[in-house]
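S.K.: Pasting data09.txt here (compact mmCIF, C-alpha atoms):
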# COMPACT_ATOMS: atom_id res chain seq x y z
CA SER B 1088 -1.61 -17.11 -9.19
CA GLN B 1089 -0.21 -15.38 -6.12
CA LYS B 1090 -2.85 -14.69 -3.53
CA ILE B 1091 -2.91 -12.99 -0.15
CA GLU B 1092 -5.91 -13.41 2.12
CA GLN B 1093 -6.85 -11.53 5.22
CA ASN B 1094 -10.00 -12.00 7.24
CA SER B 1095 -12.44 -9.67 5.54
CA GLU B 1096 -14.75 -9.58 8.54
CA ALA B 1097 -14.18 -6.74 10.97
CA LEU B 1098 -12.63 -7.66 14.28
CA ASN B 1099 -14.29 -6.14 17.34
CA ILE B 1100 -12.55 -6.42 20.68
CA GLN B 1101 -12.65 -4.81 24.10
CA GLU B 1102 -10.00 -2.32 25.16
CA GLY B 1103 -7.11 -3.99 26.94
CA LYS B 1104 -7.46 -7.30 25.10
CA THR B 1105 -5.04 -8.67 22.52
CA ALA B 1106 -6.06 -8.39 18.90
CA THR B 1107 -4.81 -11.08 16.51
CA LEU B 1108 -5.03 -10.62 12.75
CA THR B 1109 -4.22 -13.29 10.18
CA CYS B 1110 -2.57 -13.13 6.77
CA ASN B 1111 -2.39 -16.24 4.57
CA TYR B 1112 -0.72 -16.51 1.19
CA THR B 1113 -0.55 -19.07 -1.60
CA ASN B 1114 1.65 -19.75 -4.62
CA TYR B 1115 4.32 -17.57 -3.18
CA SER B 1116 7.63 -17.77 -1.34
CA PRO B 1117 8.28 -14.25 -0.07
CA ALA B 1118 11.62 -13.19 1.34
CA TYR B 1119 9.82 -10.84 3.70
CA LEU B 1120 6.40 -9.65 4.70
CA GLN B 1121 5.19 -6.24 5.81
CA TRP B 1122 2.28 -4.91 7.86
CA TYR B 1123 0.74 -1.49 7.34
CA ARG B 1124 -1.97 0.48 9.09
CA GLN B 1125 -4.51 2.52 7.13
CA ASP B 1126 -6.93 5.02 8.63
CA PRO B 1127 -10.01 6.20 6.67
CA GLY B 1128 -9.09 8.74 4.01
CA ARG B 1129 -5.36 8.32 4.55
CA GLY B 1130 -2.44 6.46 3.03
CA PRO B 1131 -1.02 3.28 4.56
CA VAL B 1132 1.60 3.68 7.28
CA PHE B 1133 4.38 1.12 7.63
CA LEU B 1134 4.41 -0.78 10.93
CA LEU B 1135 6.66 -3.84 10.79
CA LEU B 1136 8.71 -5.92 8.39
CA ILE B 1137 9.66 -9.54 9.07
CA ARG B 1138 12.05 -11.62 6.99
CA GLU B 1139 11.68 -15.29 6.09
CA ASN B 1140 14.44 -16.31 8.49
CA GLU B 1141 12.78 -14.51 11.41
CA LYS B 1142 10.08 -16.30 13.35
CA GLU B 1143 8.94 -13.32 15.35
CA LYS B 1144 9.41 -9.58 15.54
CA ARG B 1145 8.26 -7.07 18.15
CA LYS B 1146 7.83 -3.32 18.30
CA GLU B 1147 6.31 -1.85 21.46
CA ARG B 1148 2.80 -3.41 21.72
CA LEU B 1149 3.03 -5.01 18.28
CA LYS B 1150 4.19 -8.53 17.50
CA VAL B 1151 4.40 -10.27 14.14
CA THR B 1152 5.07 -13.95 13.45
CA PHE B 1153 5.97 -15.51 10.13
CA ASP B 1154 5.50 -19.22 9.45
CA THR B 1155 6.78 -20.08 5.97
CA THR B 1156 5.62 -23.69 6.33
CA LEU B 1157 2.02 -22.69 7.02
CA LYS B 1158 2.39 -19.71 4.67
CA GLN B 1159 0.92 -17.50 7.32
CA SER B 1160 1.69 -14.37 9.33
CA LEU B 1161 -0.04 -13.36 12.54
CA PHE B 1162 -0.17 -9.75 13.73
CA HIS B 1163 -0.83 -9.12 17.41
CA ILE B 1164 -1.63 -5.89 19.24
CA THR B 1165 -1.42 -6.34 23.00
CA ALA B 1166 -3.21 -4.11 25.52
CA SER B 1167 -5.29 -2.72 22.67
CA GLN B 1168 -6.61 0.85 22.80
CA PRO B 1169 -9.45 2.59 20.94
CA ALA B 1170 -6.72 4.51 19.05
CA ASP B 1171 -5.64 1.20 17.51
CA SER B 1172 -8.92 1.08 15.58
CA ALA B 1173 -7.99 1.07 11.89
CA THR B 1174 -7.59 -1.23 8.89
CA TYR B 1175 -4.46 -3.37 8.95
CA LEU B 1176 -2.89 -4.49 5.68
CA CYS B 1177 -0.55 -7.37 5.04
CA ALA B 1178 1.81 -6.97 2.06
CA LEU B 1179 4.30 -9.17 0.23
CA ALA B 1180 6.91 -8.06 -2.26
CA SER B 1181 6.56 -9.56 -5.71
CA GLY B 1182 9.45 -10.05 -8.07
CA ASN B 1183 12.70 -8.15 -7.88
CA THR B 1184 11.37 -4.62 -8.02
CA GLY B 1185 9.80 -4.50 -4.60
CA LYS B 1186 6.28 -3.83 -5.78
CA LEU B 1187 3.89 -4.83 -3.03
CA ILE B 1188 0.91 -7.13 -3.27
CA PHE B 1189 -1.57 -6.22 -0.55
CA GLY B 1190 -4.24 -8.23 1.18
CA GLN B 1191 -7.74 -6.82 1.42
CA GLY B 1192 -7.10 -5.66 4.96
CA THR B 1193 -8.83 -6.41 8.24
CA THR B 1194 -10.67 -3.65 10.05
CA LEU B 1195 -10.10 -3.62 13.80
CA GLN B 1196 -12.49 -1.86 16.15
CA VAL B 1197 -11.41 -1.52 19.78
CA LYS B 1198 -14.24 -0.59 22.09
CA PRO B 1199 -13.64 1.30 25.33
CA ASN E 1106 11.62 16.05 6.75
CA ALA E 1107 8.40 16.34 4.81
CA GLY E 1108 6.67 13.11 3.92
CA VAL E 1109 5.42 12.02 0.53
CA MET E 1110 3.22 14.74 -0.94
CA GLN E 1111 0.42 14.22 -3.40
CA ASN E 1112 -1.76 16.75 -5.09
CA PRO E 1113 -4.47 17.39 -5.60
CA ARG E 1114 -6.03 15.56 -2.68
CA HIS E 1115 -9.39 15.48 -4.44
CA LEU E 1116 -9.99 15.68 -8.16
CA VAL E 1117 -13.30 15.68 -9.99
CA ARG E 1118 -13.34 15.09 -13.72
CA ARG E 1119 -16.10 14.54 -16.24
CA ARG E 1120 -16.00 11.51 -18.48
CA GLY E 1121 -13.59 12.06 -21.36
CA GLN E 1122 -11.39 14.60 -19.57
CA GLU E 1123 -7.79 14.11 -18.53
CA ALA E 1124 -6.61 13.62 -14.94
CA ARG E 1125 -3.09 14.48 -13.79
CA LEU E 1126 -1.97 13.28 -10.39
CA ARG E 1127 1.28 14.49 -8.87
CA CYS E 1128 3.59 12.89 -6.35
CA SER E 1129 6.65 14.38 -4.68
CA PRO E 1130 8.64 11.65 -2.91
CA MET E 1131 10.34 12.08 0.42
CA LYS E 1132 13.60 13.99 0.31
CA GLY E 1133 16.40 11.71 -0.76
CA HIS E 1134 14.06 9.07 -2.23
CA SER E 1135 14.51 8.30 -5.89
CA HIS E 1136 12.12 5.35 -6.19
CA VAL E 1137 8.38 5.89 -6.66
CA TYR E 1138 5.53 3.39 -6.72
CA TRP E 1139 1.91 4.12 -7.70
CA TYR E 1140 -1.01 2.08 -6.35
CA ARG E 1141 -4.77 2.29 -6.92
CA GLN E 1142 -7.45 1.50 -4.38
CA LEU E 1143 -10.89 0.95 -5.82
CA PRO E 1144 -13.92 1.23 -3.50
CA GLU E 1145 -14.21 -1.89 -1.31
CA GLU E 1146 -11.02 -3.34 -2.83
CA GLY E 1147 -7.42 -3.61 -1.74
CA LEU E 1148 -4.45 -1.63 -2.96
CA LYS E 1149 -3.24 -2.72 -6.40
CA PHE E 1150 0.23 -1.99 -7.78
CA MET E 1151 0.31 0.06 -10.96
CA VAL E 1152 3.82 1.22 -11.79
CA TYR E 1153 7.34 1.57 -10.37
CA LEU E 1154 9.63 4.36 -11.51
CA GLN E 1155 13.07 5.69 -10.83
CA LYS E 1156 14.25 9.06 -12.02
CA GLU E 1157 13.65 9.21 -15.80
CA ASN E 1158 12.96 5.47 -16.02
CA ILE E 1159 9.92 3.21 -15.86
CA ILE E 1160 11.12 0.04 -14.18
CA ASP E 1161 7.91 -1.99 -13.90
CA GLU E 1162 4.54 -1.04 -15.38
CA SER E 1163 2.96 -4.47 -15.18
CA GLY E 1164 -0.01 -3.13 -13.21
CA MET E 1165 -0.88 -0.28 -15.54
CA PRO E 1166 -3.89 -0.59 -17.83
CA LYS E 1167 -2.65 -0.83 -21.41
CA GLU E 1168 -4.56 2.20 -22.63
CA ARG E 1169 -5.17 5.74 -21.37
CA PHE E 1170 -2.74 5.47 -18.43
CA SER E 1171 0.84 6.73 -18.38
CA ALA E 1172 3.40 7.68 -15.76
CA GLU E 1173 6.63 9.61 -15.64
CA PHE E 1174 9.24 10.65 -13.10
CA PRO E 1175 11.38 13.38 -14.68
CA LYS E 1176 14.83 14.37 -13.57
CA GLU E 1177 13.38 17.48 -12.00
CA GLY E 1178 9.94 17.75 -10.46
CA PRO E 1179 7.30 15.35 -9.20
CA SER E 1180 6.20 12.03 -10.60
CA ILE E 1181 3.03 12.34 -12.68
CA LEU E 1182 0.32 9.74 -13.23
CA ARG E 1183 -1.77 10.72 -16.22
CA ILE E 1184 -5.14 9.28 -17.12
CA GLN E 1185 -6.57 10.28 -20.47
CA GLN E 1186 -10.26 10.18 -21.38
CA VAL E 1187 -11.34 9.17 -17.92
CA VAL E 1188 -14.28 6.82 -17.40
CA ARG E 1189 -16.40 6.21 -14.29
CA GLY E 1190 -14.46 3.05 -13.54
CA ASP E 1191 -11.33 5.16 -12.98
CA SER E 1192 -12.90 6.63 -9.82
CA ALA E 1193 -10.61 5.50 -7.01
CA ALA E 1194 -7.96 6.60 -4.55
CA TYR E 1195 -4.50 6.74 -6.10
CA PHE E 1196 -1.56 6.42 -3.75
CA CYS E 1197 2.06 7.15 -4.35
CA ALA E 1198 4.82 5.59 -2.25
CA SER E 1199 8.54 6.25 -2.20
CA SER E 1200 11.60 4.44 -0.92
CA PRO E 1201 15.25 5.38 -0.69
CA GLY E 1202 16.33 2.37 -2.71
CA GLN E 1203 14.83 -0.51 -4.58
CA ALA E 1204 12.46 -2.11 -2.13
CA SER E 1205 13.29 -5.68 -3.15
CA GLY E 1206 15.80 -5.78 -0.34
CA GLY E 1207 13.10 -5.44 2.22
CA ILE E 1208 12.80 -1.70 2.57
CA GLU E 1209 9.52 -0.21 3.67
CA GLN E 1210 7.62 2.14 1.42
CA TYR E 1211 6.37 5.52 2.59
CA PHE E 1212 2.92 6.40 1.32
CA GLY E 1213 1.40 9.75 0.52
CA PRO E 1214 -2.14 10.77 1.56
CA GLY E 1215 -3.55 9.82 -1.82
CA THR E 1216 -5.55 11.58 -4.52
CA ARG E 1217 -9.23 10.74 -4.63
CA LEU E 1218 -10.43 10.86 -8.22
CA THR E 1219 -14.13 11.08 -8.92
CA VAL E 1220 -15.36 10.79 -12.48
CA THR E 1221 -18.85 12.16 -13.09
Represent the supplied structure as structure tokens.

M.R.:
Amino acid sequence: SQKIEQNSEALNIQEGKTATLTCNYTNYSPAYLQWYRQDPGRGPVFLLLIRENEKEKRKERLKVTFDTTLKQSLFHITASQPADSATYLCALASGNTGKLIFGQGTTLQVKP
Amino acid sequence: NAGVMQNPRHLVRRRGQEARLRCSPMKGHSHVYWYRQLPEEGLKFMVYLQKENIIDESGMPKERFSAEFPKEGPSILRIQQVVRGDSAAYFCASSPGQASGGIEQYFGPGTRLTVT
């Protein structure tokens, strides 16, 4: 069955460093992959979308890579700030209706 | 432009009662998705609706759960005879078109259902 895995352990880093989060998937050939941010008690907020024919995408301090051979996406936050502390979700669209399958999420804690 | 609105934000029901969760999509969006987030678990797809049509309900439990998106008014997720296992955060998301083309979904703040 289709499976998406994110590192379930929280990631703790120092302010100013680069945070790297991993998303792996199996039994799946997605046309695109999305990353969302979720703060406690709130709904997910869309961050970036990357298509299968794109190796890398950037938005301000965010960078996403997509390796369809490894079946993996990496999400980077450069020059991290305490305000970046949140749970980051990887999501793949399943089927033709666009319903999203989410990973468990990785919680990032940036310490000042 | 107001975002996706959900109400109530918190809902407490006793076992056996009915829960009605409402979702008003962003202006101009005619596609609505419902997801459920159980404690310590990820978001799980439940149902996808367009105005007056259920397009994909593959994630909906077979019994007690139903959803609608009428021509006028919000989308409603209805849970009959709630049980403790229904306690979760329910999120609604909307998009301007079918998201299969790679369109992001805009999520509401969620309704937190607690069954006592």

S.K.: Just how far from CA of Lys1146 (chain B) is CA of Leu1187 (chain B), in Å to one decimal?

M.R.: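 That distance, rounded to one decimal, is 21.7 Å.
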
S.K.: Using only C-alpha atoms, which of the listed residues (B:Asn1094, B:Gln1196, B:Gln1089, B:Thr1105) sits closest to Thr1165 (chain B)?

M.R.: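 Checking each candidate against Thr1165 (chain B), we get B:Thr1105 as the closest.
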
S.K.: Per residue of chain E within 12 Å of chain B, what are the shortest atom pair and its distance in Å to one decimal, counting all atoms listed in the file, with rows by chain and residue number, as a Markdown table?

M.R.:
| residue | atom | partner | partner_atom | distance |
| --- | --- | --- | --- | --- |
| E:Gly1108 | CA | B:Val1132 | CA | 11.2 |
| E:Val1109 | CA | B:Gly1130 | CA | 9.9 |
| E:Met1110 | CA | B:Gly1130 | CA | 10.8 |
| E:Gln1111 | CA | B:Gly1130 | CA | 10.5 |
| E:Arg1114 | CA | B:Gly1128 | CA | 10.0 |
| E:His1115 | CA | B:Gly1128 | CA | 10.8 |
| E:His1136 | CA | B:Thr1184 | CA | 10.2 |
| E:Val1137 | CA | B:Lys1186 | CA | 10.0 |
| E:Tyr1138 | CA | B:Lys1186 | CA | 7.3 |
| E:Trp1139 | CA | B:Lys1186 | CA | 9.3 |
| E:Tyr1140 | CA | B:Leu1187 | CA | 9.1 |
| E:Arg1141 | CA | B:Gly1130 | CA | 11.0 |
| E:Gln1142 | CA | B:Gln1191 | CA | 10.1 |
| E:Leu1143 | CA | B:Gln1191 | CA | 11.1 |
| E:Pro1144 | CA | B:Gln1191 | CA | 11.3 |
| E:Glu1145 | CA | B:Gln1191 | CA | 8.6 |
| E:Glu1146 | CA | B:Gln1191 | CA | 6.4 |
| E:Gly1147 | CA | B:Gln1191 | CA | 4.5 |
| E:Leu1148 | CA | B:Phe1189 | CA | 5.9 |
| E:Lys1149 | CA | B:Ile1188 | CA | 6.8 |
| E:Phe1150 | CA | B:Lys1186 | CA | 6.6 |
| E:Met1151 | CA | B:Lys1186 | CA | 8.8 |
| E:Val1152 | CA | B:Lys1186 | CA | 8.2 |
| E:Tyr1153 | CA | B:Lys1186 | CA | 7.2 |
| E:Leu1154 | CA | B:Thr1184 | CA | 9.8 |
| E:Gln1155 | CA | B:Thr1184 | CA | 10.8 |
| E:Ile1159 | CA | B:Thr1184 | CA | 11.2 |
| E:Ile1160 | CA | B:Thr1184 | CA | 7.7 |
| E:Asp1161 | CA | B:Thr1184 | CA | 7.3 |
| E:Glu1162 | CA | B:Lys1186 | CA | 10.1 |
| E:Ser1163 | CA | B:Lys1186 | CA | 10.0 |
| E:Gly1164 | CA | B:Lys1186 | CA | 9.8 |
| E:Ala1193 | CA | B:Gly1128 | CA | 11.6 |
| E:Ala1194 | CA | B:Gly1128 | CA | 8.9 |
| E:Tyr1195 | CA | B:Gly1130 | CA | 9.4 |
| E:Phe1196 | CA | B:Gly1130 | CA | 6.8 |
| E:Cys1197 | CA | B:Gly1130 | CA | 8.7 |
| E:Ala1198 | CA | B:Gly1130 | CA | 9.0 |
| E:Ser1199 | CA | B:Lys1186 | CA | 10.9 |
| E:Ser1200 | CA | B:Gly1185 | CA | 9.8 |
| E:Pro1201 | CA | B:Gly1185 | CA | 11.9 |
| E:Gly1202 | CA | B:Gly1185 | CA | 9.7 |
| E:Gln1203 | CA | B:Thr1184 | CA | 6.4 |
| E:Ala1204 | CA | B:Gly1185 | CA | 4.3 |
| E:Ser1205 | CA | B:Gly1185 | CA | 4.0 |
| E:Gly1206 | CA | B:Gly1185 | CA | 7.5 |
| E:Gly1207 | CA | B:Tyr1119 | CA | 6.5 |
| E:Ile1208 | CA | B:Gly1185 | CA | 8.3 |
| E:Glu1209 | CA | B:Phe1133 | CA | 6.6 |
| E:Gln1210 | CA | B:Phe1133 | CA | 7.1 |
| E:Tyr1211 | CA | B:Val1132 | CA | 6.9 |
| E:Phe1212 | CA | B:Gly1130 | CA | 5.6 |
| E:Gly1213 | CA | B:Gly1130 | CA | 5.6 |
| E:Pro1214 | CA | B:Gly1130 | CA | 4.6 |
| E:Gly1215 | CA | B:Gly1130 | CA | 6.0 |
| E:Thr1216 | CA | B:Gly1130 | CA | 9.6 |
| E:Arg1217 | CA | B:Gly1128 | CA | 8.9 |

S.K.: Go ahead and dump the residues you just picked, C-alpha atoms, as a PDB file, in the frame of the given file.

M.R.:
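part.pdb, freshly written:
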ATOM      1  CA  GLY E1108       6.670  13.110   3.920  1.00  0.00           C
ATOM      2  CA  VAL E1109       5.420  12.020   0.530  1.00  0.00           C
ATOM      3  CA  MET E1110       3.220  14.740  -0.940  1.00  0.00           C
ATOM      4  CA  GLN E1111       0.420  14.220  -3.400  1.00  0.00           C
ATOM      5  CA  ARG E1114      -6.030  15.560  -2.680  1.00  0.00           C
ATOM      6  CA  HIS E1115      -9.390  15.480  -4.440  1.00  0.00           C
ATOM      7  CA  HIS E1136      12.120   5.350  -6.190  1.00  0.00           C
ATOM      8  CA  VAL E1137       8.380   5.890  -6.660  1.00  0.00           C
ATOM      9  CA  TYR E1138       5.530   3.390  -6.720  1.00  0.00           C
ATOM     10  CA  TRP E1139       1.910   4.120  -7.700  1.00  0.00           C
ATOM     11  CA  TYR E1140      -1.010   2.080  -6.350  1.00  0.00           C
ATOM     12  CA  ARG E1141      -4.770   2.290  -6.920  1.00  0.00           C
ATOM     13  CA  GLN E1142      -7.450   1.500  -4.380  1.00  0.00           C
ATOM     14  CA  LEU E1143     -10.890   0.950  -5.820  1.00  0.00           C
ATOM     15  CA  PRO E1144     -13.920   1.230  -3.500  1.00  0.00           C
ATOM     16  CA  GLU E1145     -14.210  -1.890  -1.310  1.00  0.00           C
ATOM     17  CA  GLU E1146     -11.020  -3.340  -2.830  1.00  0.00           C
ATOM     18  CA  GLY E1147      -7.420  -3.610  -1.740  1.00  0.00           C
ATOM     19  CA  LEU E1148      -4.450  -1.630  -2.960  1.00  0.00           C
ATOM     20  CA  LYS E1149      -3.240  -2.720  -6.400  1.00  0.00           C
ATOM     21  CA  PHE E1150       0.230  -1.990  -7.780  1.00  0.00           C
ATOM     22  CA  MET E1151       0.310   0.060 -10.960  1.00  0.00           C
ATOM     23  CA  VAL E1152       3.820   1.220 -11.790  1.00  0.00           C
ATOM     24  CA  TYR E1153       7.340   1.570 -10.370  1.00  0.00           C
ATOM     25  CA  LEU E1154       9.630   4.360 -11.510  1.00  0.00           C
ATOM     26  CA  GLN E1155      13.070   5.690 -10.830  1.00  0.00           C
ATOM     27  CA  ILE E1159       9.920   3.210 -15.860  1.00  0.00           C
ATOM     28  CA  ILE E1160      11.120   0.040 -14.180  1.00  0.00           C
ATOM     29  CA  ASP E1161       7.910  -1.990 -13.900  1.00  0.00           C
ATOM     30  CA  GLU E1162       4.540  -1.040 -15.380  1.00  0.00           C
ATOM     31  CA  SER E1163       2.960  -4.470 -15.180  1.00  0.00           C
ATOM     32  CA  GLY E1164      -0.010  -3.130 -13.210  1.00  0.00           C
ATOM     33  CA  ALA E1193     -10.610   5.500  -7.010  1.00  0.00           C
ATOM     34  CA  ALA E1194      -7.960   6.600  -4.550  1.00  0.00           C
ATOM     35  CA  TYR E1195      -4.500   6.740  -6.100  1.00  0.00           C
ATOM     36  CA  PHE E1196      -1.560   6.420  -3.750  1.00  0.00           C
ATOM     37  CA  CYS E1197       2.060   7.150  -4.350  1.00  0.00           C
ATOM     38  CA  ALA E1198       4.820   5.590  -2.250  1.00  0.00           C
ATOM     39  CA  SER E1199       8.540   6.250  -2.200  1.00  0.00           C
ATOM     40  CA  SER E1200      11.600   4.440  -0.920  1.00  0.00           C
ATOM     41  CA  PRO E1201      15.250   5.380  -0.690  1.00  0.00           C
ATOM     42  CA  GLY E1202      16.330   2.370  -2.710  1.00  0.00           C
ATOM     43  CA  GLN E1203      14.830  -0.510  -4.580  1.00  0.00           C
ATOM     44  CA  ALA E1204      12.460  -2.110  -2.130  1.00  0.00           C
ATOM     45  CA  SER E1205      13.290  -5.680  -3.150  1.00  0.00           C
ATOM     46  CA  GLY E1206      15.800  -5.780  -0.340  1.00  0.00           C
ATOM     47  CA  GLY E1207      13.100  -5.440   2.220  1.00  0.00           C
ATOM     48  CA  ILE E1208      12.800  -1.700   2.570  1.00  0.00           C
ATOM     49  CA  GLU E1209       9.520  -0.210   3.670  1.00  0.00           C
ATOM     50  CA  GLN E1210       7.620   2.140   1.420  1.00  0.00           C
ATOM     51  CA  TYR E1211       6.370   5.520   2.590  1.00  0.00           C
ATOM     52  CA  PHE E1212       2.920   6.400   1.320  1.00  0.00           C
ATOM     53  CA  GLY E1213       1.400   9.750   0.520  1.00  0.00           C
ATOM     54  CA  PRO E1214      -2.140  10.770   1.560  1.00  0.00           C
ATOM     55  CA  GLY E1215      -3.550   9.820  -1.820  1.00  0.00           C
ATOM     56  CA  THR E1216      -5.550  11.580  -4.520  1.00  0.00           C
ATOM     57  CA  ARG E1217      -9.230  10.740  -4.630  1.00  0.00           C
TER      58      ARG E1217
END

S.K.: Kindly give the distance, in Å, that separates CA of Phe1162 (chain B) and CA of Thr1109 (chain B), rounded to a single decimal.

M.R.: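 Between CA of Phe1162 (chain B) and CA of Thr1109 (chain B) the gap works out to 6.4 Å.
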
S.K.: Rounded to one decimal place, report the CA of Thr1194 (chain B)-CA of Asn1099 (chain B) distance in Å.

M.R.: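 Those two atoms sit 8.5 Å apart.
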
S.K.: Rank nothing, just name the residue among B:Thr1174, B:Ser1167, B:Gln1101, B:Ser1116 nearest to Asp1154 (chain B), using all atoms listed in the file.

M.R.: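 Looking at the shortest contact to Asp1154 (chain B), the residue is B:Ser1116.
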
S.K.: Which residues come within 9 Å of Ser1171 (chain E), counting all atoms listed in the file, excluding same-chain residues fewer than 5 positions away, as a list in words?

M.R.: Met1165, Pro1166, Ile1181, Leu1182, Arg1183, Ile1184 and Gln1185 of chain E

S.K.: Complete the atoms of region 1088-1105 of chain B to N, CA, C and O atoms and put them out as a tab-separated table (two decimals), keeping the file's coordinate frame.

M.R.:
chain	number	residue	atom	x	y	z
B	1088	SER	N	-2.16	-18.45	-9.31
B	1088	SER	CA	-1.61	-17.11	-9.19
B	1088	SER	C	-1.37	-16.77	-7.72
B	1088	SER	O	-1.94	-17.38	-6.83
B	1089	GLN	N	-0.51	-15.78	-7.48
B	1089	GLN	CA	-0.21	-15.38	-6.12
B	1089	GLN	C	-1.43	-14.77	-5.47
B	1089	GLN	O	-2.14	-13.97	-6.08
B	1090	LYS	N	-1.66	-15.16	-4.22
B	1090	LYS	CA	-2.85	-14.69	-3.53
B	1090	LYS	C	-2.53	-14.42	-2.08
B	1090	LYS	O	-1.81	-15.19	-1.44
B	1091	ILE	N	-3.06	-13.31	-1.57
B	1091	ILE	CA	-2.91	-12.99	-0.15
B	1091	ILE	C	-4.31	-12.82	0.42
B	1091	ILE	O	-5.12	-12.07	-0.13
B	1092	GLU	N	-4.58	-13.48	1.53
B	1092	GLU	CA	-5.91	-13.41	2.12
B	1092	GLU	C	-5.84	-12.95	3.56
B	1092	GLU	O	-5.06	-13.47	4.35
B	1093	GLN	N	-6.67	-11.96	3.85
B	1093	GLN	CA	-6.85	-11.53	5.22
B	1093	GLN	C	-8.33	-11.69	5.56
B	1093	GLN	O	-9.19	-11.63	4.67
B	1094	ASN	N	-8.62	-11.85	6.81
B	1094	ASN	CA	-10.00	-12.00	7.24
B	1094	ASN	C	-10.76	-10.73	6.89
B	1094	ASN	O	-10.46	-9.65	7.41
B	1095	SER	N	-11.72	-10.86	6.00
B	1095	SER	CA	-12.44	-9.67	5.54
B	1095	SER	C	-13.44	-9.17	6.56
B	1095	SER	O	-13.89	-8.02	6.50
B	1096	GLU	N	-13.80	-10.02	7.51
B	1096	GLU	CA	-14.75	-9.58	8.54
B	1096	GLU	C	-14.04	-8.67	9.53
B	1096	GLU	O	-12.88	-8.89	9.87
B	1097	ALA	N	-14.74	-7.66	9.98
B	1097	ALA	CA	-14.18	-6.74	10.97
B	1097	ALA	C	-13.98	-7.48	12.28
B	1097	ALA	O	-14.72	-8.40	12.63
B	1098	LEU	N	-12.94	-7.08	12.98
B	1098	LEU	CA	-12.63	-7.66	14.28
B	1098	LEU	C	-12.97	-6.64	15.36
B	1098	LEU	O	-12.43	-5.53	15.37
B	1099	ASN	N	-13.89	-7.02	16.25
B	1099	ASN	CA	-14.29	-6.14	17.34
B	1099	ASN	C	-13.81	-6.72	18.65
B	1099	ASN	O	-14.10	-7.87	18.97
B	1100	ILE	N	-13.04	-5.93	19.40
B	1100	ILE	CA	-12.55	-6.42	20.68
B	1100	ILE	C	-12.68	-5.32	21.73
B	1100	ILE	O	-12.85	-4.13	21.42
B	1101	GLN	N	-12.55	-5.74	22.97
B	1101	GLN	CA	-12.65	-4.81	24.10
B	1101	GLN	C	-11.27	-4.22	24.39
B	1101	GLN	O	-10.23	-4.90	24.25
B	1102	GLU	N	-11.25	-2.97	24.79
B	1102	GLU	CA	-10.00	-2.32	25.16
B	1102	GLU	C	-9.25	-3.15	26.19
B	1102	GLU	O	-9.85	-3.72	27.11
B	1103	GLY	N	-7.93	-3.24	26.01
B	1103	GLY	CA	-7.11	-3.99	26.94
B	1103	GLY	C	-6.82	-5.41	26.51
B	1103	GLY	O	-5.87	-6.03	26.97
B	1104	LYS	N	-7.67	-5.93	25.60
B	1104	LYS	CA	-7.46	-7.30	25.10
B	1104	LYS	C	-6.41	-7.30	24.00
B	1104	LYS	O	-6.03	-6.25	23.47
B	1105	THR	N	-5.98	-8.51	23.63
B	1105	THR	CA	-5.04	-8.67	22.52
B	1105	THR	C	-5.79	-8.94	21.23
B	1105	THR	O	-6.64	-9.84	21.18
